[in-house]
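Next comes final17.cif, with mmCIF, C-alpha atoms.
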```
data_upload
loop_
_atom_site.label_atom_id
_atom_site.label_comp_id
_atom_site.auth_asym_id
_atom_site.auth_seq_id
_atom_site.Cartn_x
_atom_site.Cartn_y
_atom_site.Cartn_z
CA ILE Y 225 5.15 37.61 10.29
CA TRP Y 226 7.03 40.51 11.87
CA MET Y 227 4.88 40.36 15.00
CA GLU Y 228 5.48 36.64 15.41
CA TRP Y 229 9.19 37.22 14.94
CA LEU Y 230 9.19 39.91 17.64
CA GLU Y 231 7.32 37.65 20.06
CA TRP Y 232 9.88 34.92 19.40
CA ARG Y 233 12.72 37.36 20.04
CA ILE Y 234 11.09 38.44 23.32
CA ARG Y 235 10.87 34.82 24.46
CA GLN Y 236 14.48 34.17 23.46
CA ALA Y 237 15.90 37.43 24.84
CA LYS Y 238 19.20 37.01 26.67
CA ASP Y 239 20.47 40.58 26.84
CA ALA Y 240 17.52 41.98 28.77
CA LEU Y 241 15.47 44.94 27.62
CA SER Y 242 17.99 46.68 25.38
CA GLY Y 243 18.05 43.82 22.90
CA ILE Y 244 14.27 43.66 22.72
CA VAL Y 245 14.06 47.41 22.09
CA GLU Y 246 16.55 46.99 19.26
CA ASP Y 247 14.47 44.17 17.78
CA ALA Y 248 11.29 46.24 18.01
CA GLY Y 249 13.06 49.12 16.29
CA ARG Y 250 14.06 46.74 13.51
CA VAL Y 251 10.42 45.81 12.96
CA LEU Y 252 9.32 49.45 12.96
CA SER Y 253 11.96 50.42 10.42
CA ASN Y 254 11.06 47.57 8.07
CA THR Y 255 7.31 48.02 7.76
CA GLU Y 256 4.99 50.57 6.22
CA ASP Y 257 1.96 49.07 7.97
CA ASP Y 258 0.69 51.66 10.46
CA LEU Y 259 -1.46 49.14 12.32
CA LEU Y 260 1.55 46.88 12.80
CA ARG Y 261 3.46 49.86 14.15
CA VAL Y 262 0.71 50.40 16.72
CA ARG Y 263 0.81 46.72 17.68
CA VAL Y 264 4.58 46.90 18.22
CA LEU Y 265 4.24 50.11 20.24
CA TRP Y 266 1.53 48.58 22.41
CA ARG Y 267 3.41 45.31 22.89
CA MET Y 268 6.56 47.12 23.96
CA ALA Y 269 4.63 49.38 26.34
CA GLU Y 270 3.00 46.36 27.96
CA LEU Y 271 6.41 44.69 28.22
CA LEU Y 272 7.91 47.77 29.86
CA LYS Y 273 4.99 48.00 32.25
CA SER Y 274 5.21 44.34 33.26
CA ALA Y 275 8.96 44.72 33.82
CA GLY Y 276 8.33 47.57 36.26
CA TYR Y 277 9.12 50.45 33.91
CA VAL Y 278 5.64 51.96 34.09
CA GLU Y 279 6.82 55.53 33.58
CA ARG Y 280 8.75 54.58 30.45
CA ALA Y 281 5.68 52.84 29.03
CA MET Y 282 3.59 55.94 29.65
CA ALA Y 283 6.28 58.21 28.25
CA LEU Y 284 6.31 56.15 25.06
CA PHE Y 285 2.61 56.77 24.53
CA GLN Y 286 2.89 60.43 25.53
CA ALA Y 287 5.64 61.11 23.00
CA GLN Y 288 3.86 59.18 20.26
CA ALA Y 289 0.65 61.09 21.00
CA GLU Y 290 2.48 64.41 20.69
CA TRP Y 291 3.72 63.32 17.25
CA VAL Y 292 0.30 62.07 16.14
CA MET Y 293 -1.90 64.82 17.57
CA ASN Y 294 0.20 67.90 18.31
CA MET Y 295 2.85 68.18 15.61
CA PRO Y 296 3.53 71.80 14.59
CA PRO Y 297 2.28 72.35 11.01
CA THR Y 298 5.67 73.71 9.95
CA LEU Y 299 7.27 70.31 10.64
CA ARG Y 300 4.82 68.03 8.86
CA ASP Y 301 6.78 67.83 5.60
CA LEU Y 302 10.13 67.10 7.23
CA PRO Y 303 11.66 63.60 7.26
CA PHE Y 304 10.63 61.53 10.27
CA ALA Y 305 14.12 61.64 11.83
CA GLN Y 306 14.11 65.45 11.76
CA GLN Y 307 10.63 65.53 13.27
CA LEU Y 308 11.93 63.40 16.13
CA ASP Y 309 14.86 65.79 16.58
CA GLU Y 310 12.37 68.62 17.06
CA LEU Y 311 10.14 66.53 19.31
CA GLU Y 312 13.18 65.81 21.47
CA LYS Y 313 13.61 69.54 22.11
CA PHE Y 314 10.03 69.72 23.34
CA TRP Y 315 10.40 66.62 25.51
CA GLU Y 316 13.67 67.68 27.12
CA SER Y 317 12.26 71.14 27.94
CA GLU Y 318 10.18 69.27 30.57
CA VAL Y 319 7.02 71.26 29.90
CA LEU Y 320 3.68 69.56 30.45
CA ARG Y 321 2.95 66.79 27.94
CA VAL Y 322 -0.20 65.26 26.54
CA GLY Y 323 -2.02 63.28 29.21
CA GLU Y 324 -1.07 65.72 31.97
CA ALA Y 325 -3.39 68.35 33.42
CA ASN Y 326 -3.11 71.78 31.73
CA SER Y 327 -0.89 70.50 28.92
CA THR Y 328 -1.19 72.54 25.72
CA GLY Y 329 0.96 70.30 23.54
CA TRP Y 330 4.01 70.39 21.32
CA SER Y 331 2.52 72.64 18.62
CA SER Y 332 1.42 75.25 21.14
CA TRP Y 333 4.87 75.20 22.74
CA VAL Y 334 6.51 75.95 19.39
CA THR Y 335 3.96 78.68 18.60
CA SER Y 336 4.59 80.34 21.96
CA GLY Y 337 8.29 80.67 21.17
CA LYS Y 338 9.37 77.53 23.02
CA GLU Y 339 8.88 79.18 26.36
CA THR Y 340 9.53 77.15 29.46
CA PRO Y 341 6.81 77.93 32.01
CA GLN Y 342 7.31 77.87 35.73
CA HIS Y 343 8.02 74.32 36.77
CA GLN Y 344 5.08 72.40 38.10
CA PRO Y 345 5.45 69.03 39.81
CA THR Y 346 4.21 66.00 37.91
CA ALA Y 347 0.73 65.00 39.06
CA SER Y 348 1.94 61.66 40.39
CA THR Y 349 4.65 63.26 42.52
CA SER Y 350 2.39 65.98 43.89
CA SER Y 351 0.05 63.38 45.35
CA VAL Y 352 0.63 62.39 48.94
CA ARG Y 353 1.88 58.83 49.21
CA PRO Y 354 -0.03 57.17 52.08
CA ARG Y 355 1.83 55.41 54.84
CA ALA Y 356 0.86 51.86 55.71
CA PRO Y 357 -0.70 51.62 59.21
CA THR Y 358 1.94 49.15 60.36
CA ALA Y 359 5.55 49.11 61.47
CA ASP Y 360 6.34 46.05 59.37
CA PRO Y 361 8.77 47.21 56.63
CA HIS Y 362 7.65 44.53 54.17
CA THR Y 363 4.02 45.59 54.46
CA GLN Y 364 5.01 49.24 54.12
CA TRP Y 365 6.99 48.44 50.98
CA ALA Y 366 4.12 46.43 49.47
CA GLN Y 367 1.61 49.20 50.14
CA SER Y 368 3.97 51.80 48.71
CA GLU Y 369 4.49 49.79 45.52
CA LYS Y 370 0.76 49.20 45.14
CA TRP Y 371 0.14 52.93 45.44
CA ALA Y 372 2.87 53.71 42.91
CA ASP Y 373 1.48 51.22 40.39
CA THR Y 374 -1.90 52.95 40.61
CA TYR Y 375 -1.06 56.64 40.91
CA ALA Y 376 2.58 57.21 39.95
CA CYS Y 377 2.49 56.06 36.34
CA LEU Y 378 3.54 59.33 34.69
CA PRO Y 379 7.24 60.04 34.20
CA THR Y 380 8.72 62.54 36.63
CA ARG Y 381 11.03 65.46 35.89
CA SER Y 382 14.44 66.51 37.09
CA PHE Y 383 12.96 69.21 39.34
CA ASP Y 384 10.35 67.00 41.02
CA GLU Y 385 10.94 66.55 44.72
CA SER Y 386 9.98 63.34 46.45
CA ASP Y 387 11.14 61.38 49.46
CA ASP Y 388 10.76 58.21 47.40
CA ALA Y 389 12.51 59.44 44.26
CA ASP Y 390 13.06 56.74 41.66
CA PRO Y 391 15.82 57.59 39.16
CA TYR Y 392 14.17 55.35 36.56
CA SER Y 393 11.01 57.48 36.62
CA ILE Y 394 12.76 60.34 34.80
CA ILE Y 395 12.51 59.38 31.13
CA LEU Y 396 14.92 60.87 28.62
CA PHE Y 397 13.87 61.11 25.01
CA SER Y 398 16.65 58.72 24.06
CA ASP Y 399 14.93 56.08 26.22
CA ILE Y 400 11.88 56.03 23.95
CA ARG Y 401 13.04 57.36 20.58
CA PRO Y 402 13.84 53.91 19.06
CA LEU Y 403 10.21 52.86 19.63
CA LEU Y 404 8.48 55.86 18.06
CA ALA Y 405 7.02 55.51 14.59
CA PRO Y 406 5.18 57.55 11.95
CA ILE Y 407 1.53 56.63 12.46
CA ARG Y 408 -0.68 58.46 9.97
CA SER Y 409 -3.67 56.42 8.82
CA PRO Y 410 -7.02 57.15 10.54
CA ASP Y 411 -7.53 53.47 11.44
CA ALA Y 412 -4.10 53.27 13.04
CA ILE Y 413 -4.61 56.51 14.97
CA ASP Y 414 -7.89 55.15 16.31
CA ALA Y 415 -6.13 51.91 17.25
CA PHE Y 416 -3.41 53.94 18.96
CA ARG Y 417 -5.98 55.71 21.16
CA LYS Y 418 -7.56 52.39 22.12
CA ALA Y 419 -4.16 50.85 22.86
CA TRP Y 420 -3.36 53.69 25.26
CA LEU Y 421 -6.67 53.21 27.05
CA ALA Y 422 -5.93 49.48 27.27
CA LEU Y 423 -2.50 50.22 28.75
CA LEU Y 424 -4.25 52.28 31.42
CA GLY Y 425 -6.42 49.30 32.28
CA LEU Y 426 -9.60 50.10 30.37
CA TRP Y 427 -10.86 47.17 28.33
CA VAL Y 428 -11.72 48.38 24.84
CA PRO Y 429 -13.74 46.06 22.55
CA GLY Y 430 -12.15 45.40 19.16
#
```
Please render this file's structure as structure tokens.
Amino acid sequence: IWMEWLEWRIRQAKDALSGIVEDAGRVLSNTEDDLLRVRVLWRMAELLKSAGYVERAMALFQAQAEWVMNMPPTLRDLPFAQQLDELEKFWESEVLRVGEANSTGWSSWVTSGKETPQHQPTASTSSVRPRAPTADPHTQWAQSEKWADTYACLPTRSFDESDDADPYSIILFSDIRPLLAPIRSPDAIDAFRKAWLALLGLWVPG
């Protein structure tokens, strides 16, 4: 019932994305069903992606994956809100996150004394954006957007340098916190992995 209600709210939305995020948060806070939580997470990520907020969709899955897979053992018995407070510190440190090359994860960051390593550009920003072989500005824009949709899906950081910097590609923890949820059951964790692969464009049976 909750999922149908959320879909109805999405269709009826009049106050853009913020209202839908609030509705999704309401569903997440009123259910103990981990699989439903994954469905809401996935639906919201797909909605963000289709609205052009690809980096925010990816950030949502990155942060949820850190909670599911890389939580420091010392935090496991804390209330969920306090766990998110600690996860926010990791996120805002701008160290490498799950899904990025050479990432060691939230737990390792805490174990290492919360050190902030030398800044490395996000993979998507370190790639060279090709220039369209035409002087037509519309074609150049279309080619640039097509490239970004394929290669620039990860959120950027405040220290990333790019000629085509998009302020919406830097994702604060507050942008995704309302959509994070405690996902603990093995079936739900497996569904979460498959949902992330589906978001990336890989069709996963079941």
Please write as a ChimeraX atom specification the full residue list that the PyMOL selection byres ((chain Y and resi 269-282) around 7) yields on this file. /Y:265-268,283-286,377-379,393,395,423
Shell around Y:Trp330 at 7 Å using all atoms listed in the file, local window under 2 positions removed, as number ranges by chain: Y: 290, 294-296, 314, 332-334
Among Y:Pro410, Y:Gly323, Y:Gly337, Y:Pro402, Y:Ser253 is approached most closely, using only C-alpha atoms, by Y:Pro402
Could you work out how far atom CA of Y:Gln307 lies from atom CA of Y:Arg401, giving the answer in Å with one decimal? 11.2 Å
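Take atom CA of Y:Asp390 and atom CA of Y:Val292: the distance between them is 29.0 Å.
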5 Å per side around stretch 327-336 of chain Y: axis-aligned box centre and edge lengths, as AutoDock Vina command-line options:
```
--center_x 2.7 --center_y 75.3 --center_z 23.8 --size_x 17.7 --size_y 20.0 --size_z 20.3
```
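Put simply, the PyMOL selection byres ((chain Y and resi 229-241) around 10) in this file takes in Ile225, Trp226, Met227, Glu228, Ser242, Gly243, Ile244, Val245, Glu246, Asp247, Ala248, Arg250, Val251, Val264, Arg267, Met268, Leu271, Leu272 and Ala275 of chain Y.
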Could you save the residues just selected, with C-alpha atoms, as a compact mmCIF listing (two decimals), keeping the file's coordinate frame?
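The resulting result-v8.txt:
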```
# COMPACT_ATOMS: atom_id res chain seq x y z
CA ILE Y 225 5.15 37.61 10.29
CA TRP Y 226 7.03 40.51 11.87
CA MET Y 227 4.88 40.36 15.00
CA GLU Y 228 5.48 36.64 15.41
CA SER Y 242 17.99 46.68 25.38
CA GLY Y 243 18.05 43.82 22.90
CA ILE Y 244 14.27 43.66 22.72
CA VAL Y 245 14.06 47.41 22.09
CA GLU Y 246 16.55 46.99 19.26
CA ASP Y 247 14.47 44.17 17.78
CA ALA Y 248 11.29 46.24 18.01
CA ARG Y 250 14.06 46.74 13.51
CA VAL Y 251 10.42 45.81 12.96
CA VAL Y 264 4.58 46.90 18.22
CA ARG Y 267 3.41 45.31 22.89
CA MET Y 268 6.56 47.12 23.96
CA LEU Y 271 6.41 44.69 28.22
CA LEU Y 272 7.91 47.77 29.86
CA ALA Y 275 8.96 44.72 33.82
```
Rounded to one decimal, what separation in Å do you get between atom CA of Y:Arg321 and atom CA of Y:Glu339? 13.8 Å
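Distance check against Y:Pro406 using all atoms listed in the file: of Y:Phe304, Y:Thr255, Y:Ala289, Y:Lys313, the minimum falls on Y:Phe304.
Each of Y:Phe397, Y:Pro303, Y:Ala422, Y:Gln288 was checked against Y:Arg261 using only C-alpha atoms; the smallest atom-to-atom distance is that of Y:Gln288.
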Which residue is closest to Y:Leu260? Choose from Y:Ile407, Y:Ala305, Y:Leu396, Y:Ala287 and count only C-alpha atoms. Y:Ile407
